[in-house]
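Only one structure is covered here, and it is reproduced in the block below.
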Protein chains: 2
Amino acid sequence: MGEEMKIKIVKIGGNVIDNPDILQEFLKEFAKIPQPKILIHGGGVLASRMCEQLGIQPNMVNGRRITDKDTLDVVTMVYGGLVNKRIVASLQAAGVNAIGLSGADGNLITSQKRPVKDIDYGFVGDIKKVNVPFMETVLELDCVPVISAITHDGNGQLLNTNADTITAELGVGLSEHHTVSLFYCFDKNGVLKDIADDNSNITEINFDTYQQLQAQNIIHSGMLPKLDNAFKAISKGIAKVWLGKAEDIASANQNQNRGTFIISKIR
Amino acid sequence: MGEEMKIKIVKIGGNVIDNPDILQEFLKEFAKIPQPKILIHGGGVLASRMCEQLGIQPNMVNGRRITDKDTLDVVTMVYGGLVNKRIVASLQAAGVNAIGLSGADGNLITSQKRPVKDIDYGFVGDIKKVNVPFMETVLELDCVPVISAITHDGNGQLLNTNADTITAELGVGLSEHHTVSLFYCFDKNGVLKDIADDNSNITEINFDTYQQLQAQNIIHSGMLPKLDNAFKAISKGIAKVWLGKAEDIASANQNQNRGTFIISKIR
């Protein structure tokens with residue numbers, strides 16, 4: 001018990017989950033990554049599509065879904081049930097002993113309903129506490145946690161929670177005693193010098209080069225919040241953050257042509 | 001590791017799950033039962049209702065749901081997602097460290113798609129193997145497994161599986177090294193001498209009294225398969241089987257006026 005581990009946390013979003021072929025390809029690659037590892041997922045457009053089919057209108061404010069009671073039920077069904085169990089069954093078939101968890105299971109992630117200021121986001125939870133010892137125990141059992149982006153408030157209420165935030169907070173919690181790398185999968189080959197050229201990925205960025213690339217306007221707009229969050233995670237103890245395509249996840253450490261590593265200032 | 005445990009396995013069905021008030025009352029009682037304990041549930045009418053809302057016609061043959069691909073998705077969402085995570089969050093609020101599992105999680109229950117004879121039941125799984133060491137490990141962590149009636153075939157396919165059968169097979173598997181009691185909740189106060197009088201419960205039945213009561217036509221029709229299954233479980237190593245109401249679960253061991261215990265022939 002309590003040995004230091006090198007933990008890889010991988011986050012996938014809608015562009016992977018919504019495409020069964022890409023999801024299966026990703027899971028094969030994910031299976032190749034040495035353990036301990038953790039997979040975190042949301043539910044992509046499946047939840048919105050299910051809301052539509054059930055006559056629940058998706059309600060978006062500032063790019064965020066407002067989670068009313070019916071939407072929370074759909075999110076719980078789709079993220080916590082359908083997507084989570086499909087991924088677990090596929091990983092089991094690939095020889096990975098996966099175990100699907102929400103934030104309520106094993107009291108893994110406690111959150112609080114976001115306070116109403118200008119907007120009432122509904123049943124959306126901001127993370128209060130990650131149960132690091134429980135996560136360590138699961139990893140020490142050689143299980144691979146597959147975590148859906150649902151948390152609970154400890155009083156019986158499930159809450160919809162951002163999967164990127166879960167990834168970062170779980171990573172920071174585990175980094176107190178372990179070396180943790182975060183792998184965020186998205187639809188580009190990392191941070192690109194030329195947005196039109198998917199092979200123009202910058203292989204490594206530290207805080208100094210980040211500031212230079214920003215000054216030169218090579219990194220701008222949509223990439224800025226992703227990189228700001230990555231450096232924030234690193235400042236809190238994460239060893240490195242990778243941004244890239246889901247299908248490149250297993251080769252990320254070997255192949256400099258795939259994705260971008262965000263690393264500490266001091267190296 | 002490996003100490004003998006006294007394990008209680010409780011199964012709830014539609015009459016509890018479909019009624020939020022009864023479910024909450026049950027969970028409060030379930031919380032009082034000393035650990036180690038396991039809760040097993042299906043999804044009740046919620047799955048059928050969801051199928052209807054999504055325009056999927058429920059297809060029943062001989063009282064069993066035919067599970068086509070769309071129905072399997074609904075069952076996975078409703079049993080594995082909505083019902084499971086709601087129960088887990090409620091138990092966490094009651095101070096019980098619950099962990100929701102399907103048969104795919106931790107490779108807990110492997111099944112095979114039921115062979116087609118007269119009827120093709122679709123994506124329905126007959127249990128092949130229960131992962132007893134994994135279940136023991138979870139119980140030894142002082143977690144309370146909450147198991148949805150979904151299994152997998154080890155090749156990536158999820159399968160709908162009867163919750164009563166899961167309860168019995170898991171119980172029999174655990175009984176090799178542990179003392180296991182099964183508690184089946186249904187809508188009556190156990191086996192009744194007079195079906196019209198809910199207080200006429202027979203408190204204890206062994207195989208001899210069962211045969212007498214059957215000969216006297218006191219036990220008949222719908223109770224026979226339940227009792228046959230109970231005695232079959234006992235013949236395979238289960239210590240005792242209880243039949244009764246969900247709200248009486250915590251007092252089952254103390255109060256002879258609630259439910260019926262099915263016990264071994266030799267006593």
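We name chains A, B, ... following the order of the structure tokens; residues begin at 1 in each chain, and ligands are numbered from 1 as shown.
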Segment 222-227 of chain A environment, 9 Å, only C-alpha atoms, sequence neighbours closer than 5 positions dropped, as an NGL selection string: :A and (191 or 210 or 214 or 232 or 243 or 262)
Kindly save the residues from that selection, with N, CA, C and O atoms included, as a PDB file, in the first residue's frame.
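Final output, out_23.pdb:
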ATOM      1  N   VAL A 191      -1.251  21.316 -30.273  1.00  0.00           N
ATOM      2  CA  VAL A 191      -1.209  22.753 -30.561  1.00  0.00           C
ATOM      3  C   VAL A 191      -0.475  22.913 -31.896  1.00  0.00           C
ATOM      4  O   VAL A 191       0.661  22.465 -32.045  1.00  0.00           O
ATOM      5  N   TYR A 210       5.392  29.178 -24.193  1.00  0.00           N
ATOM      6  CA  TYR A 210       3.971  29.521 -24.316  1.00  0.00           C
ATOM      7  C   TYR A 210       3.806  31.038 -24.459  1.00  0.00           C
ATOM      8  O   TYR A 210       3.104  31.527 -25.344  1.00  0.00           O
ATOM      9  N   GLN A 214       2.505  33.037 -27.745  1.00  0.00           N
ATOM     10  CA  GLN A 214       1.339  33.914 -27.620  1.00  0.00           C
ATOM     11  C   GLN A 214       1.680  35.305 -28.156  1.00  0.00           C
ATOM     12  O   GLN A 214       0.895  35.897 -28.902  1.00  0.00           O
ATOM     13  N   LYS A 232      -2.135  25.647 -15.281  1.00  0.00           N
ATOM     14  CA  LYS A 232      -2.681  25.704 -13.916  1.00  0.00           C
ATOM     15  C   LYS A 232      -2.519  24.337 -13.233  1.00  0.00           C
ATOM     16  O   LYS A 232      -2.089  24.243 -12.087  1.00  0.00           O
ATOM     17  N   LEU A 243      -1.976  17.198 -25.147  1.00  0.00           N
ATOM     18  CA  LEU A 243      -3.169  17.515 -25.945  1.00  0.00           C
ATOM     19  C   LEU A 243      -2.988  16.864 -27.304  1.00  0.00           C
ATOM     20  O   LEU A 243      -1.935  17.036 -27.938  1.00  0.00           O
ATOM     21  N   ILE A 262       2.582  19.648 -22.654  1.00  0.00           N
ATOM     22  CA  ILE A 262       2.760  20.865 -21.865  1.00  0.00           C
ATOM     23  C   ILE A 262       3.526  20.439 -20.610  1.00  0.00           C
ATOM     24  O   ILE A 262       3.091  19.539 -19.883  1.00  0.00           O
TER      25      ILE A 262
END
Shell of 8 Å around Ile238 of chain A, only C-alpha atoms, local chain residues under 3 positions omitted, as a PyMOL selection string: chain A and resi 171-172+175+179-182+233-235+241
Based on the backbone DSSP call, show me all residues of segment 26-265 of chain B assigned strand (DSSP E), as number ranges by chain. B: 37-41, 60-61, 64-65, 98-101, 109-113, 125-130, 144-148, 150-152, 158-160, 179-185, 204-205, 240-244, 260-263
How would the residues just picked look written out with C-alpha atoms as an mmCIF file, in the first residue's frame?
data_model
loop_
_atom_site.group_PDB
_atom_site.id
_atom_site.type_symbol
_atom_site.label_atom_id
_atom_site.label_comp_id
_atom_site.auth_asym_id
_atom_site.auth_seq_id
_atom_site.Cartn_x
_atom_site.Cartn_y
_atom_site.Cartn_z
ATOM 1 C CA LYS B 37 -24.147 -6.690 2.325
ATOM 2 C CA ILE B 38 -24.993 -6.502 -1.358
ATOM 3 C CA LEU B 39 -28.004 -4.951 -3.128
ATOM 4 C CA ILE B 40 -29.219 -6.292 -6.474
ATOM 5 C CA HIS B 41 -31.835 -4.534 -8.595
ATOM 6 C CA MET B 60 -42.907 -9.909 -24.211
ATOM 7 C CA VAL B 61 -42.920 -13.673 -24.773
ATOM 8 C CA ARG B 64 -40.055 -12.341 -20.507
ATOM 9 C CA ARG B 65 -38.961 -9.221 -22.288
ATOM 10 C CA ALA B 98 -22.140 2.084 -1.896
ATOM 11 C CA ILE B 99 -20.491 1.304 -5.203
ATOM 12 C CA GLY B 100 -22.619 0.693 -8.301
ATOM 13 C CA LEU B 101 -21.585 -2.196 -10.522
ATOM 14 C CA ILE B 109 -20.471 -11.575 -14.134
ATOM 15 C CA THR B 110 -19.776 -13.214 -17.473
ATOM 16 C CA SER B 111 -22.743 -14.598 -19.378
ATOM 17 C CA GLN B 112 -23.547 -16.020 -22.777
ATOM 18 C CA LYS B 113 -26.299 -14.917 -25.097
ATOM 19 C CA GLY B 125 -27.502 -13.468 -21.024
ATOM 20 C CA ASP B 126 -27.396 -16.720 -19.074
ATOM 21 C CA ILE B 127 -24.727 -16.576 -16.383
ATOM 22 C CA LYS B 128 -21.521 -18.489 -17.057
ATOM 23 C CA LYS B 129 -19.231 -17.273 -14.282
ATOM 24 C CA VAL B 130 -19.285 -15.042 -11.205
ATOM 25 C CA VAL B 144 -21.543 -2.091 -0.424
ATOM 26 C CA PRO B 145 -21.998 -3.299 -4.016
ATOM 27 C CA VAL B 146 -25.191 -2.153 -5.742
ATOM 28 C CA ILE B 147 -25.521 -4.429 -8.749
ATOM 29 C CA SER B 148 -27.679 -3.748 -11.810
ATOM 30 C CA ILE B 150 -26.671 -6.309 -16.728
ATOM 31 C CA THR B 151 -23.865 -8.725 -17.572
ATOM 32 C CA HIS B 152 -21.359 -9.074 -20.412
ATOM 33 C CA LEU B 158 -23.638 -6.298 -22.768
ATOM 34 C CA LEU B 159 -26.530 -8.642 -21.951
ATOM 35 C CA ASN B 160 -29.775 -8.270 -20.008
ATOM 36 C CA THR B 179 -22.172 -17.778 5.151
ATOM 37 C CA VAL B 180 -24.636 -16.223 2.720
ATOM 38 C CA SER B 181 -28.278 -15.260 3.257
ATOM 39 C CA LEU B 182 -30.515 -14.148 0.397
ATOM 40 C CA PHE B 183 -33.337 -11.664 0.929
ATOM 41 C CA TYR B 184 -35.898 -11.475 -1.890
ATOM 42 C CA CYS B 185 -38.241 -8.510 -1.557
ATOM 43 C CA GLU B 204 -40.058 -20.534 8.808
ATOM 44 C CA ILE B 205 -40.178 -23.314 6.209
ATOM 45 C CA LYS B 240 -31.083 -19.231 4.341
ATOM 46 C CA VAL B 241 -33.470 -17.405 2.049
ATOM 47 C CA TRP B 242 -35.946 -14.764 3.202
ATOM 48 C CA LEU B 243 -39.055 -13.689 1.304
ATOM 49 C CA GLY B 244 -40.898 -10.576 2.369
ATOM 50 C CA THR B 260 -40.737 -16.047 5.711
ATOM 51 C CA PHE B 261 -37.375 -17.737 6.203
ATOM 52 C CA ILE B 262 -36.605 -20.742 4.029
ATOM 53 C CA ILE B 263 -34.052 -22.841 5.851
#
Chain A residues within 10 Å of chain B, counting only C-alpha atoms: which ones, as a count of residues only? 59
Pick out each residue of segment 3-252 of chain A that DSSP on the backbone tags as alpha helix (DSSP H); I need them as a ChimeraX atom specification. /A:14-17,20-32,45-53,69-75,84-93,132-140,163-174,207-215,223-235
Expressed in Å to a single decimal, how great is the separation between atom CA of Asp120 of chain B and atom CA of Ala149 of chain B?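 Taking atom CA of Asp120 of chain B as the start and atom CA of Ala149 of chain B as the end point, the length is 19.3 Å.
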Here is a test: counting only C-alpha atoms, which residue of B:Glu140, B:Gly63, B:Gly14, B:Gly259 is nearest to Ile202 of chain B?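 Answer, going by the shortest atom-to-atom distance: B:Gly259.
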Excluding Ile22 of chain A and any residue of its chain fewer than 6 positions from it, enumerate the residues within 12 Å of it, using only C-alpha atoms, and give them as a compact mmCIF listing (two decimals) with C-alpha atoms, in the first residue's frame.
# COMPACT_ATOMS: atom_id res chain seq x y z
CA ILE A 12 -12.24 11.79 -24.07
CA GLY A 13 -15.10 13.98 -25.25
CA GLY A 14 -17.89 14.01 -27.76
CA ASN A 15 -15.74 13.73 -30.89
CA VAL A 16 -14.67 10.25 -29.72
CA LYS A 28 -7.74 -0.43 -28.56
CA GLU A 29 -5.02 2.22 -28.22
CA PHE A 30 -6.00 3.00 -24.64
CA CYS A 185 -8.06 14.12 -26.40
CA PHE A 186 -9.58 16.56 -28.87
CA ASP A 187 -10.02 16.88 -32.63
CA LYS A 245 -5.98 13.01 -30.95
CA ALA A 246 -7.60 10.02 -29.25
CA GLU A 247 -6.16 7.56 -31.77
CA ASP A 248 -2.60 8.71 -30.96
Would you mind listing what lies within 12 Å of Asn59 of chain B as a PyMOL selection string, with only C-alpha atoms counted and same-chain residues fewer than 3 positions away left out? chain B and resi 48+51-52+56+62-68+70-71+119-122
Kindly export the residues of the current selection with N, CA, C and O atoms, as a PDB file, in the first residue's frame.
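result.pdb written:
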ATOM      1  N   SER B  48     -39.628  -0.130 -19.408  1.00  0.00           N
ATOM      2  CA  SER B  48     -40.738  -0.235 -20.355  1.00  0.00           C
ATOM      3  C   SER B  48     -41.282   1.149 -20.706  1.00  0.00           C
ATOM      4  O   SER B  48     -41.594   1.441 -21.861  1.00  0.00           O
ATOM      5  N   CYS B  51     -38.940   2.850 -23.031  1.00  0.00           N
ATOM      6  CA  CYS B  51     -39.103   2.268 -24.372  1.00  0.00           C
ATOM      7  C   CYS B  51     -40.303   2.902 -25.074  1.00  0.00           C
ATOM      8  O   CYS B  51     -40.217   3.310 -26.232  1.00  0.00           O
ATOM      9  N   GLU B  52     -41.411   2.988 -24.357  1.00  0.00           N
ATOM     10  CA  GLU B  52     -42.616   3.601 -24.930  1.00  0.00           C
ATOM     11  C   GLU B  52     -42.351   5.028 -25.377  1.00  0.00           C
ATOM     12  O   GLU B  52     -42.675   5.416 -26.496  1.00  0.00           O
ATOM     13  N   ILE B  56     -40.152   2.530 -28.812  1.00  0.00           N
ATOM     14  CA  ILE B  56     -39.746   1.130 -28.932  1.00  0.00           C
ATOM     15  C   ILE B  56     -40.843   0.295 -28.289  1.00  0.00           C
ATOM     16  O   ILE B  56     -41.148   0.477 -27.111  1.00  0.00           O
ATOM     17  N   ASN B  62     -43.870 -15.205 -23.143  1.00  0.00           N
ATOM     18  CA  ASN B  62     -43.913 -16.016 -21.914  1.00  0.00           C
ATOM     19  C   ASN B  62     -43.457 -15.204 -20.689  1.00  0.00           C
ATOM     20  O   ASN B  62     -42.682 -15.699 -19.871  1.00  0.00           O
ATOM     21  N   GLY B  63     -43.899 -13.983 -20.583  1.00  0.00           N
ATOM     22  CA  GLY B  63     -43.589 -13.149 -19.419  1.00  0.00           C
ATOM     23  C   GLY B  63     -42.180 -12.602 -19.401  1.00  0.00           C
ATOM     24  O   GLY B  63     -41.767 -11.973 -18.440  1.00  0.00           O
ATOM     25  N   ARG B  64     -41.415 -12.863 -20.465  1.00  0.00           N
ATOM     26  CA  ARG B  64     -40.055 -12.341 -20.507  1.00  0.00           C
ATOM     27  C   ARG B  64     -39.934 -11.314 -21.615  1.00  0.00           C
ATOM     28  O   ARG B  64     -40.464 -11.479 -22.710  1.00  0.00           O
ATOM     29  N   ARG B  65     -39.179 -10.267 -21.311  1.00  0.00           N
ATOM     30  CA  ARG B  65     -38.961  -9.221 -22.288  1.00  0.00           C
ATOM     31  C   ARG B  65     -37.982  -9.731 -23.361  1.00  0.00           C
ATOM     32  O   ARG B  65     -36.931 -10.284 -23.036  1.00  0.00           O
ATOM     33  N   ILE B  66     -38.347  -9.536 -24.607  1.00  0.00           N
ATOM     34  CA  ILE B  66     -37.411  -9.799 -25.697  1.00  0.00           C
ATOM     35  C   ILE B  66     -36.526  -8.566 -25.813  1.00  0.00           C
ATOM     36  O   ILE B  66     -37.016  -7.450 -25.964  1.00  0.00           O
ATOM     37  N   THR B  67     -35.232  -8.768 -25.695  1.00  0.00           N
ATOM     38  CA  THR B  67     -34.304  -7.643 -25.646  1.00  0.00           C
ATOM     39  C   THR B  67     -33.642  -7.441 -27.009  1.00  0.00           C
ATOM     40  O   THR B  67     -32.633  -8.072 -27.308  1.00  0.00           O
ATOM     41  N   ASP B  68     -34.251  -6.572 -27.829  1.00  0.00           N
ATOM     42  CA  ASP B  68     -33.580  -6.219 -29.093  1.00  0.00           C
ATOM     43  C   ASP B  68     -32.519  -5.161 -28.793  1.00  0.00           C
ATOM     44  O   ASP B  68     -32.341  -4.745 -27.646  1.00  0.00           O
ATOM     45  N   ASP B  70     -32.211  -1.939 -29.408  1.00  0.00           N
ATOM     46  CA  ASP B  70     -32.685  -0.679 -28.821  1.00  0.00           C
ATOM     47  C   ASP B  70     -33.126  -0.874 -27.371  1.00  0.00           C
ATOM     48  O   ASP B  70     -32.878  -0.023 -26.511  1.00  0.00           O
ATOM     49  N   THR B  71     -33.792  -1.999 -27.112  1.00  0.00           N
ATOM     50  CA  THR B  71     -34.241  -2.277 -25.740  1.00  0.00           C
ATOM     51  C   THR B  71     -33.040  -2.485 -24.812  1.00  0.00           C
ATOM     52  O   THR B  71     -33.047  -2.016 -23.676  1.00  0.00           O
ATOM     53  N   ILE B 119     -37.624 -19.668 -29.194  1.00  0.00           N
ATOM     54  CA  ILE B 119     -37.732 -18.204 -29.132  1.00  0.00           C
ATOM     55  C   ILE B 119     -36.338 -17.590 -29.127  1.00  0.00           C
ATOM     56  O   ILE B 119     -35.437 -18.090 -28.458  1.00  0.00           O
ATOM     57  N   ASP B 120     -36.161 -16.499 -29.863  1.00  0.00           N
ATOM     58  CA  ASP B 120     -34.932 -15.714 -29.762  1.00  0.00           C
ATOM     59  C   ASP B 120     -35.184 -14.588 -28.770  1.00  0.00           C
ATOM     60  O   ASP B 120     -35.895 -13.636 -29.066  1.00  0.00           O
ATOM     61  N   TYR B 121     -34.596 -14.726 -27.570  1.00  0.00           N
ATOM     62  CA  TYR B 121     -34.815 -13.716 -26.537  1.00  0.00           C
ATOM     63  C   TYR B 121     -34.000 -12.451 -26.789  1.00  0.00           C
ATOM     64  O   TYR B 121     -34.086 -11.493 -26.042  1.00  0.00           O
ATOM     65  N   GLY B 122     -33.159 -12.470 -27.822  1.00  0.00           N
ATOM     66  CA  GLY B 122     -32.345 -11.295 -28.117  1.00  0.00           C
ATOM     67  C   GLY B 122     -31.148 -11.216 -27.196  1.00  0.00           C
ATOM     68  O   GLY B 122     -30.555 -12.241 -26.853  1.00  0.00           O
TER      69      GLY B 122
END
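Interatomic distance, atom CA of Gly43 of chain A against atom CA of Phe123 of chain A: 16.0 Å.
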Nearest residue to Gly2 of chain B out of B:His178, B:Lys236, B:Lys188, B:Arg114, using only C-alpha atoms?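 Looking at the shortest contact to Gly2 of chain B, the residue is B:His178.
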Would you mind reading off the distance between atom CA of Asn201 of chain B and atom CA of Ala168 of chain B, one decimal, in Å?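 It comes out at 22.8 Å.
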